[in-house]
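K.L.:
I'd like to ask you about the structure that follows.
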Amino acid sequence: MTQPPMFDDPLEGVDDEIDAPVGGDDDDVDAFDAQGRTMSVEEFLADSVDQATPEGFRSGFVSLVGRPNVGKSTLLNRILGRKVSIVSDKPQTTRNQIRGVLNRPGVQVVFVDTPGIHKPRTLMGQRLNDSAIGAAGSVDVVCLLVDATAPVGRGDAWVAERVPDDAVVIVNKCDLVSKDKVLSQLVRASEFNGSEYFPVSARTGEGVEALIEHLCSRMPPGPRWYPADMVTDVEEAFWVAELVREKLLAVTRDELPHSIACRVTEWAWPRVRVEILVERESQKGIVIGKKGAVLKQVGVAARQEMPEGAFLELHVKVDKDWQRRPKALDRLGY
Ligand SMILES: Nc1nc2c(ncn2[C@@H]2O[C@H](COP(=O)(O)OP(=O)(O)OP(=O)(O)O)[C@@H](O)[C@H]2O)c(=O)[nH]1
Ligand SMILES: [Mg+2]
């Protein structure tokens with residue numbers, strides 16, 4: 001589950017020390033294009049050349065939507081058996097539509113992981129919501145996830161109002177609660193638009209195969225959108241920046257996780273330079289840590305999930321209030 005899916009034949013690395021400079025520099029290197037922005041399903045379809053549908057082949061798009069932290073990304077990774085979307089216990093981890101491809105005999109399902117839908121407080125929050133709601137409108141099946149451990153409430157209902165009647169309602173994290181609790185959550189969730197209800201655990205995999213089989217059965221006739229060996233279309237540079245952000249989310253708390261953005265500013269494999277943006281000067285020190293300890297820990301953890309030999313350079317930079325600035329968000333692909 002931890003191997004990044006998209007690196008082919010990584011070159012032998014020359015350095016095995018991680019370089020985690022403590023001082024953020026202020027040079028304004030613009031990250032190159034290959035990251036951040038992921039196409040919406042509509043854009044993808046508009047961009048695709050017409051493809052022939054092999055006799056009897058079926059395919060389609062399935063989006064995973066729900067409030068933040070319900071386990072959408074964990075479920076996507078579980079379905080694919082590969083990690084293609086980062087996960088954390090902080091809300092709003094996912095900030096883009098992330099596509100992952102499942103191939104089964106005679107059928108291809110393109111899953112779309114989406115940002116958690118929430119009450120936005122910043123322009124970024126608004127954009128994340130728009131992106132997630134957009135992904136609920138342009139796919140063959142919408143999966144609405146709710147958390148088995150939290151009260152099914154107004155936030156879930158708000159999301160449910162925005163999904164089609166034939167959505168699949170998924171109660172996730174069933175490993176954490178009793179069977180009775182699962183039942184009562186299913187009853188609560190049955191108030192939502194839903195054609196089917198699945199209790200699952202994305203963590204243990206329980207119930208996931210039944211869900212996959214159901215989703216495969218709902219795919220209409222269609223072409224193979226992606227080659228059979230492709231698990232995701234996420235770009236390498238985007239993925240490395242995401243990995244760094246995931247490791248940062250694991251060690252930060254309160255408002256800081258929301259204030260962090262990562263982007264690759266240089267890719268000369270095996271040397272990769274990732275810039276970590278924070279919103280305020282005071283946050284810079286926290287991300288760097290005492291004598292660079294936090295940055296170093298983050299770099300080591302991220303590198304463990306990259307091909308061997310990667311040389312990661314992490315830099316921290318203040319980009320004041322980037323979450324509220326349209327241009328900054330555009331640049332980051334949010
Ligand atoms: N015990 C348990 N924990 C889970 C399960 N699914 C997800 N989690 C945990 O729930 C937290 C949130 O998981 P994510 O997959 O990041 O949730 P998300 O819905 O993608 O969140 P956003 O991207 O922020 O919207 C993480 O700590 C996961 O490890 C599950 O089935 N069981
Ligand atoms: Mg997520």
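For the structure tokens, the naming scheme is as follows: chains receive sequential letters (A, B, ...) according to their order of presentation, residues are indexed from 1 within each chain, and ligands are indexed from 1 in presentation order.
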As a short mmCIF file (atom, residue, chain, number, x, y, z; two decimals) with N, CA and C atoms, in the first residue's frame, please: the residues near A:Lys320 (cut-off 8 Å, only C-alpha atoms, same-chain neighbours under 6 positions excluded).

P.N.:
```cif
data_model
loop_
_atom_site.label_atom_id
_atom_site.label_comp_id
_atom_site.auth_asym_id
_atom_site.auth_seq_id
_atom_site.Cartn_x
_atom_site.Cartn_y
_atom_site.Cartn_z
N VAL A 278 4.01 28.08 4.12
CA VAL A 278 3.17 28.32 5.30
C VAL A 278 2.65 29.74 5.17
N GLU A 279 1.71 30.09 6.04
CA GLU A 279 1.06 31.39 5.86
C GLU A 279 1.65 32.50 6.70
N ARG A 280 2.33 32.11 7.78
CA ARG A 280 2.85 33.13 8.69
C ARG A 280 4.26 32.79 9.15
#
```

K.L.:
With the cut-off set at 9 Å and counting only C-alpha atoms, tabulate each residue of stretch 160-194 of chain A with an atom at most that distance from an atom of stretch 67-80 of chain A, showing the nearest atom pair and its distance in Å to one decimal, ordered by chain and increasing number, as CSV.

P.N.:
```
residue,atom,partner,partner_atom,distance
A:Val171,CA,A:Val70,CA,8.9
A:Asn172,CA,A:Gly71,CA,6.9
A:Lys173,CA,A:Gly71,CA,7.6
```

K.L.:
Write a file of the selected residues as an mmCIF file, in the first residue's frame, keeping N, CA and C atoms.

P.N.:
```
data_model
loop_
_atom_site.group_PDB
_atom_site.id
_atom_site.type_symbol
_atom_site.label_atom_id
_atom_site.label_comp_id
_atom_site.auth_asym_id
_atom_site.auth_seq_id
_atom_site.Cartn_x
_atom_site.Cartn_y
_atom_site.Cartn_z
ATOM 1 N N VAL A 171 -21.142 3.241 4.875
ATOM 2 C CA VAL A 171 -20.816 3.544 6.274
ATOM 3 C C VAL A 171 -19.425 2.956 6.522
ATOM 4 N N ASN A 172 -18.452 3.859 6.717
ATOM 5 C CA ASN A 172 -17.050 3.423 6.833
ATOM 6 C C ASN A 172 -16.591 3.421 8.301
ATOM 7 N N LYS A 173 -15.470 2.790 8.541
ATOM 8 C CA LYS A 173 -14.834 2.667 9.869
ATOM 9 C C LYS A 173 -15.616 1.709 10.772
#
```

K.L.:
Which residues form the shell of 8 Å around ligand 1 when you count only C-alpha atoms and all ligand atoms, given as a PyMOL selection string?

P.N.:
chain A and resi 65-75+86-95+113-117+145+172-176+200-205

K.L.:
Using the chain letters and numbers from this document, which residues of stretch 269-325 of chain A does DSSP assign to strand (DSSP E), as number ranges by chain?

P.N.:
A: 271-278, 311-318

K.L.:
With C-alpha atoms kept, could you save the residues just selected as a PDB file, in the first residue's frame?

P.N.:
```pdb
ATOM      1  CA  ARG A 271      17.356  15.296  -6.725  1.00  0.00           C
ATOM      2  CA  VAL A 272      13.957  16.768  -5.938  1.00  0.00           C
ATOM      3  CA  ARG A 273      13.366  20.102  -4.292  1.00  0.00           C
ATOM      4  CA  VAL A 274      10.091  20.606  -2.494  1.00  0.00           C
ATOM      5  CA  GLU A 275       8.970  23.958  -1.231  1.00  0.00           C
ATOM      6  CA  ILE A 276       6.749  23.984   1.824  1.00  0.00           C
ATOM      7  CA  LEU A 277       4.579  27.060   2.017  1.00  0.00           C
ATOM      8  CA  VAL A 278       3.173  28.316   5.297  1.00  0.00           C
ATOM      9  CA  PHE A 311      17.454  12.990  -2.700  1.00  0.00           C
ATOM     10  CA  LEU A 312      14.858  15.277  -1.182  1.00  0.00           C
ATOM     11  CA  GLU A 313      15.543  18.903  -0.443  1.00  0.00           C
ATOM     12  CA  LEU A 314      12.918  20.603   1.679  1.00  0.00           C
ATOM     13  CA  HIS A 315      12.620  24.362   1.944  1.00  0.00           C
ATOM     14  CA  VAL A 316      10.139  26.337   3.975  1.00  0.00           C
ATOM     15  CA  LYS A 317       8.806  29.642   2.761  1.00  0.00           C
ATOM     16  CA  VAL A 318       6.189  32.071   4.005  1.00  0.00           C
TER      17      VAL A 318
END
```

K.L.:
Would you return as a ChimeraX atom specification the members of stretch 54-292 of chain A that DSSP assigns to alpha helix (DSSP H) on this structure's backbone?

P.N.:
/A:72-80,123-137,154-160,179-189,208-217,236-251,256-259,281-288

K.L.:
Considering only C-alpha atoms, state which residue in the set A:Val107, A:Cys143, A:Ala237, A:Leu128 is at the smallest distance from A:Leu211.

P.N.:
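Closest to A:Leu211 of all the choices is A:Cys143.
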
K.L.:
Any idea what's packed within 10 Å of A:Val169, counting only C-alpha atoms, ignoring anything in its chain fewer than 5 positions away? Could you give it as a PyMOL selection string?

P.N.:
chain A and resi 64-66+142-146+160+186+189-190+192-199

K.L.:
Find the spatial neighbours of A:Asp321, counting only C-alpha atoms, within a cut-off of 12 Å - ignore same-chain residues fewer than 2 positions away - and output them as a VMD selection string.

P.N.:
chain A and resid 122 to 124 256 258 to 261 277 to 281 283 318 to 319 323 to 329

K.L.:
Considering only C-alpha atoms, return as a list of chain:residue names whatever protein or nucleic-acid residues lie within 10 Å of A:Asp229, sequence-local ones (same chain, fewer than 3 positions apart) excluded.

P.N.:
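In the requested form, the answer reads A:Val101, A:Leu102, A:Asn103, A:Tyr226, A:Thr232.
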
K.L.:
So how many Å separate atom CA of A:Gly289 and atom CA of A:Glu242, to one decimal?

P.N.:
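For atom CA of A:Gly289 relative to atom CA of A:Glu242, the distance reads 19.9 Å.
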
K.L.:
Can you tell me, as a list of chain:residue names, what residues are no more than 8 Å from stretch 129-135 of chain A when counting only C-alpha atoms, ignoring any on the same chain fewer than 3 positions away?

P.N.:
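Once the adjacent positions are removed, what remains is A:Ser40, A:Val41, A:Ser63, A:Val65, A:Asn96, A:Gln97, A:Val112, A:Thr114, A:Pro115, A:Gly116, A:Ile117, A:His118, A:Pro120, A:Gly125, A:Gln126, A:Ser138, A:Val139, A:Arg162.
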
K.L.:
Name the closest residue to ligand 2 among the candidates A:Ala241, A:Val208, A:Val152, A:Ile98; distances are taken between atoms, counting only C-alpha atoms and all ligand atoms.

P.N.:
A:Ile98

K.L.:
Counting only C-alpha atoms, what is within 10 Å of A:Val109, bar same-chain residues fewer than 6 positions away, as a PyMOL selection string?

P.N.:
chain A and resi 58-62+100-103+140+212+215-216+218-219+224-226

K.L.:
Work out how far atom CA of A:Ala293 is from atom CA of A:Glu266, in Å to one decimal.

P.N.:
22.8 Å

K.L.:
Nearest to A:Ile170: which of A:Arg188, A:Arg245, A:Lys296, A:Arg331 is it, counting only C-alpha atoms?

P.N.:
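Closest residue, counting only C-alpha atoms: A:Arg188.
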
K.L.:
With distances taken over only C-alpha atoms, which of A:Glu161, A:Glu236, A:Val287, A:Glu209 is nearest to A:Arg253?

P.N.:
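Answer, going by the shortest atom-to-atom distance: A:Val287.
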
K.L.:
If I take atom CA of A:Lys83 and atom CA of A:Val240, how far is one from the other in Å, to one decimal?

P.N.:
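Here the two named atoms are 12.4 Å from each other.
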